[in-house]
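Contents: one structure, followed by commentary.
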Amino acid sequence: TELKFDTQHAIGSEGRRRLATSTGNKDVLVVRVVTTDAQPTATTAQMSDAIFGTGGDPVNLKSQYEGCSANQITITPATGTGTACADDPNYLGFFQFASGNYADCDWFTFFQATDATTCTTHGNKADLGGGTDTGNSACCACGGGVTTNFNNNVVDGVFEINVAVAASSLTSSQLEDVAINELESQFGSSNLEDQYDLVMLCLPPGTTDGSWVAYAGLPGYVSVYNDEACLYPSVAMVCTVHEVD
């Protein structure tokens, strides 16, 4: 079995990195991921109880965080209503790197979080794709993008999604990407981290990378769990504590 912290996957083009604060309230979204050939052993209600104590479980992720931090960190189950922002997918970016990647909206999302002058400095530069949009008009991080309302059935902090792939044909990292893309689609957002402090993906068993336990991209807001690992506060704390400090 493997419990890992994935520093490399976190710095890809997904834009799942941001700076986190070590105190205050954390809105946590737990996601039960169902594939065409598998689903997590635990129900949504069991996940909510193990993570938030909604069914009376006295030892859960919420109680452990709040107890260990003397309530300097509080955990709140996410809700399913609010406002989302989606980046303009037609915006290519203002600069192309040797790798072939562009300084696009994902680039602005990361660097604006680390340097508040990023949008001011680069946000008005012309789009290499030839469109009229700039970072300031196309990217949520710079105050652009498209804002919509969402209303999803998040129950006691847990949201279930169905993805049209087989767990047995993908690695955990590949299934993570599919799940995040589905979440962004359902919430009308390309910046889930603007809505939730932490997203916990509870994957079904059977991915091709074997008997792994859990991992988290560092830094980041997404942690990923193999089946029932999602239910154990000790595992969840190891993965998420690096995302709130």
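Ordering of the structure tokens sets the chain letters (A, B, ...), residue numbers begin anew at 1 in every chain, and ligands are numbered from 1 in the order given.
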
Just asking: which residues within stretch 6-145 of chain A are strand (DSSP E) according to DSSP, as a ChimeraX atom specification? /A:6,24-34,73-77,81-86

Got time to write the residues from that selection, all heavy atoms, as a short mmCIF file (atom, residue, chain, number, x, y, z; two decimals), in the first residue's frame?
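Generated output (again.cif):
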```
data_model
loop_
_atom_site.label_atom_id
_atom_site.label_comp_id
_atom_site.auth_asym_id
_atom_site.auth_seq_id
_atom_site.Cartn_x
_atom_site.Cartn_y
_atom_site.Cartn_z
N ASP A 6 1.94 14.07 -3.69
CA ASP A 6 2.27 14.16 -5.11
C ASP A 6 2.62 15.60 -5.47
O ASP A 6 1.78 16.37 -5.85
CB ASP A 6 1.07 13.67 -5.91
CG ASP A 6 1.35 13.56 -7.39
OD1 ASP A 6 2.44 13.97 -7.80
OD2 ASP A 6 0.48 13.09 -8.12
N GLY A 24 -8.82 29.42 10.71
CA GLY A 24 -10.11 29.86 10.18
C GLY A 24 -10.98 28.70 9.73
O GLY A 24 -10.65 27.53 9.92
N ASN A 25 -12.11 29.04 9.13
CA ASN A 25 -13.05 28.03 8.68
C ASN A 25 -12.65 27.46 7.33
O ASN A 25 -12.19 28.18 6.45
CB ASN A 25 -14.46 28.63 8.57
CG ASN A 25 -15.48 27.59 8.18
OD1 ASN A 25 -15.77 26.67 8.94
ND2 ASN A 25 -16.03 27.72 6.98
N LYS A 26 -12.83 26.15 7.16
CA LYS A 26 -12.54 25.47 5.90
C LYS A 26 -13.82 24.79 5.39
O LYS A 26 -14.38 23.93 6.06
CB LYS A 26 -11.44 24.41 6.09
CG LYS A 26 -10.18 24.92 6.77
CD LYS A 26 -9.49 25.98 5.96
CE LYS A 26 -8.28 26.54 6.70
NZ LYS A 26 -7.65 27.64 5.96
N ASP A 27 -14.29 25.22 4.22
CA ASP A 27 -15.41 24.57 3.58
C ASP A 27 -14.90 23.35 2.82
O ASP A 27 -14.07 23.47 1.92
CB ASP A 27 -16.11 25.52 2.61
CG ASP A 27 -16.86 26.62 3.33
OD1 ASP A 27 -17.52 26.32 4.34
OD2 ASP A 27 -16.79 27.78 2.89
N VAL A 28 -15.39 22.18 3.19
CA VAL A 28 -14.88 20.92 2.65
C VAL A 28 -15.96 20.22 1.83
O VAL A 28 -17.06 19.94 2.33
CB VAL A 28 -14.39 19.99 3.78
CG1 VAL A 28 -13.88 18.67 3.20
CG2 VAL A 28 -13.30 20.68 4.60
N LEU A 29 -15.63 19.94 0.57
CA LEU A 29 -16.52 19.19 -0.31
C LEU A 29 -15.98 17.77 -0.45
O LEU A 29 -14.85 17.57 -0.89
CB LEU A 29 -16.62 19.84 -1.68
CG LEU A 29 -17.48 19.10 -2.71
CD1 LEU A 29 -18.96 19.13 -2.31
CD2 LEU A 29 -17.30 19.70 -4.11
N VAL A 30 -16.79 16.79 -0.09
CA VAL A 30 -16.44 15.39 -0.25
C VAL A 30 -17.17 14.87 -1.49
O VAL A 30 -18.37 15.12 -1.66
CB VAL A 30 -16.85 14.57 0.99
CG1 VAL A 30 -16.49 13.10 0.82
CG2 VAL A 30 -16.19 15.14 2.24
N VAL A 31 -16.45 14.17 -2.35
CA VAL A 31 -17.03 13.72 -3.62
C VAL A 31 -16.96 12.20 -3.70
O VAL A 31 -15.88 11.61 -3.65
CB VAL A 31 -16.29 14.34 -4.82
CG1 VAL A 31 -16.97 13.93 -6.12
CG2 VAL A 31 -16.25 15.86 -4.69
N ARG A 32 -18.12 11.58 -3.82
CA ARG A 32 -18.21 10.13 -4.01
C ARG A 32 -18.23 9.87 -5.51
O ARG A 32 -19.17 10.23 -6.20
CB ARG A 32 -19.45 9.56 -3.33
CG ARG A 32 -19.56 8.03 -3.38
CD ARG A 32 -20.76 7.55 -2.59
NE ARG A 32 -20.76 6.10 -2.46
CZ ARG A 32 -21.42 5.27 -3.27
NH1 ARG A 32 -22.13 5.75 -4.29
NH2 ARG A 32 -21.37 3.96 -3.07
N VAL A 33 -17.17 9.24 -6.01
CA VAL A 33 -16.99 9.06 -7.45
C VAL A 33 -17.43 7.65 -7.85
O VAL A 33 -16.87 6.66 -7.37
CB VAL A 33 -15.53 9.30 -7.86
CG1 VAL A 33 -15.37 9.12 -9.38
CG2 VAL A 33 -15.07 10.70 -7.44
N VAL A 34 -18.43 7.58 -8.74
CA VAL A 34 -18.95 6.30 -9.23
C VAL A 34 -18.56 6.16 -10.70
O VAL A 34 -18.81 7.06 -11.50
CB VAL A 34 -20.48 6.23 -9.08
CG1 VAL A 34 -21.02 4.91 -9.63
CG2 VAL A 34 -20.89 6.42 -7.62
N ILE A 73 -8.84 25.98 13.67
CA ILE A 73 -9.32 25.52 12.37
C ILE A 73 -10.67 24.86 12.59
O ILE A 73 -10.81 23.98 13.43
CB ILE A 73 -8.36 24.49 11.73
CG1 ILE A 73 -6.99 25.13 11.45
CG2 ILE A 73 -8.94 23.93 10.44
CD1 ILE A 73 -5.95 24.15 10.95
N THR A 74 -11.67 25.31 11.86
CA THR A 74 -12.99 24.69 11.93
C THR A 74 -13.35 24.14 10.56
O THR A 74 -12.98 24.72 9.53
CB THR A 74 -14.06 25.69 12.39
OG1 THR A 74 -14.06 26.83 11.52
CG2 THR A 74 -13.80 26.15 13.81
N ILE A 75 -14.04 23.02 10.55
CA ILE A 75 -14.41 22.33 9.32
C ILE A 75 -15.92 22.43 9.12
O ILE A 75 -16.70 22.08 10.02
CB ILE A 75 -13.99 20.85 9.38
CG1 ILE A 75 -12.47 20.72 9.55
CG2 ILE A 75 -14.47 20.10 8.15
CD1 ILE A 75 -11.66 21.24 8.39
N THR A 76 -16.34 22.90 7.96
CA THR A 76 -17.75 23.04 7.64
C THR A 76 -18.09 22.20 6.41
O THR A 76 -17.41 22.29 5.39
CB THR A 76 -18.10 24.51 7.36
OG1 THR A 76 -17.80 25.30 8.51
CG2 THR A 76 -19.58 24.66 7.01
N PRO A 77 -19.16 21.38 6.49
CA PRO A 77 -19.58 20.65 5.30
C PRO A 77 -19.99 21.61 4.18
O PRO A 77 -20.70 22.59 4.42
CB PRO A 77 -20.79 19.84 5.79
CG PRO A 77 -20.66 19.78 7.28
CD PRO A 77 -19.99 21.07 7.67
N THR A 81 -25.04 25.23 -3.22
CA THR A 81 -25.54 26.40 -3.92
C THR A 81 -24.53 27.53 -3.82
O THR A 81 -23.77 27.62 -2.86
CB THR A 81 -26.88 26.89 -3.34
OG1 THR A 81 -26.70 27.19 -1.94
CG2 THR A 81 -27.94 25.81 -3.47
N GLY A 82 -24.52 28.38 -4.82
CA GLY A 82 -23.60 29.50 -4.80
C GLY A 82 -23.36 30.05 -6.18
O GLY A 82 -24.13 29.81 -7.11
N THR A 83 -22.29 30.79 -6.29
CA THR A 83 -21.91 31.42 -7.55
C THR A 83 -20.58 30.84 -8.02
O THR A 83 -19.66 30.69 -7.22
CB THR A 83 -21.79 32.93 -7.39
OG1 THR A 83 -23.04 33.47 -6.96
CG2 THR A 83 -21.42 33.59 -8.71
N ALA A 84 -20.51 30.52 -9.30
CA ALA A 84 -19.29 29.94 -9.87
C ALA A 84 -18.79 30.82 -11.00
O ALA A 84 -19.57 31.54 -11.63
CB ALA A 84 -19.55 28.52 -10.38
N CYS A 85 -17.50 30.73 -11.26
CA CYS A 85 -16.91 31.46 -12.37
C CYS A 85 -16.18 30.48 -13.28
O CYS A 85 -15.43 29.62 -12.80
CB CYS A 85 -15.93 32.52 -11.86
SG CYS A 85 -15.19 33.52 -13.19
N ALA A 86 -16.41 30.60 -14.57
CA ALA A 86 -15.74 29.76 -15.55
C ALA A 86 -14.86 30.63 -16.44
O ALA A 86 -15.31 31.66 -16.97
CB ALA A 86 -16.75 29.00 -16.40
#
```

Near stretch 98-110 of chain A, within 12 Å and counting only C-alpha atoms, which residues show up once chain neighbours fewer than 2 positions away are dropped, as number ranges by chain? A: 10-19, 85-96, 112-129, 133-145, 190-194, 219-220

Here atom CA of A:Val199 and atom CA of A:Thr43 stand apart by 17.3 Å

A:Phe159 environment, 10 Å, only C-alpha atoms, sequence neighbours closer than 2 positions dropped, as a PyMOL selection string: chain A and resi 29-33+44+48+78-80+152-157+161+183+201

As a ChimeraX atom specification, please: all residues of stretch 29-201 of chain A that backbone DSSP puts in alpha helix (DSSP H). /A:44-52,61-68,105-114,118-122,135-138,172-186

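Between atom CA of A:Cys202 and atom CA of A:Leu170 the separation is 15.0 Å.
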
List as a VMD selection string the protein and nucleic acid residues near A:Ser63, meaning an atom at most 12 Å away when only C-alpha atoms are counted, but skip any in the same chain fewer than 5 places from it. chain A and resid 49 to 54 56 to 58 68 to 71 73 to 76 233 to 234 237

Between atom CA of A:Thr207 and atom CA of A:Asp177, measure the distance and give it in Å to one decimal. 13.2 Å

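Minimum atom-to-atom distances from A:Thr208, A:Gln174, A:Gln195, A:Gln46 to A:Leu231 were compared using only C-alpha atoms, and the lowest value belongs to A:Gln46.
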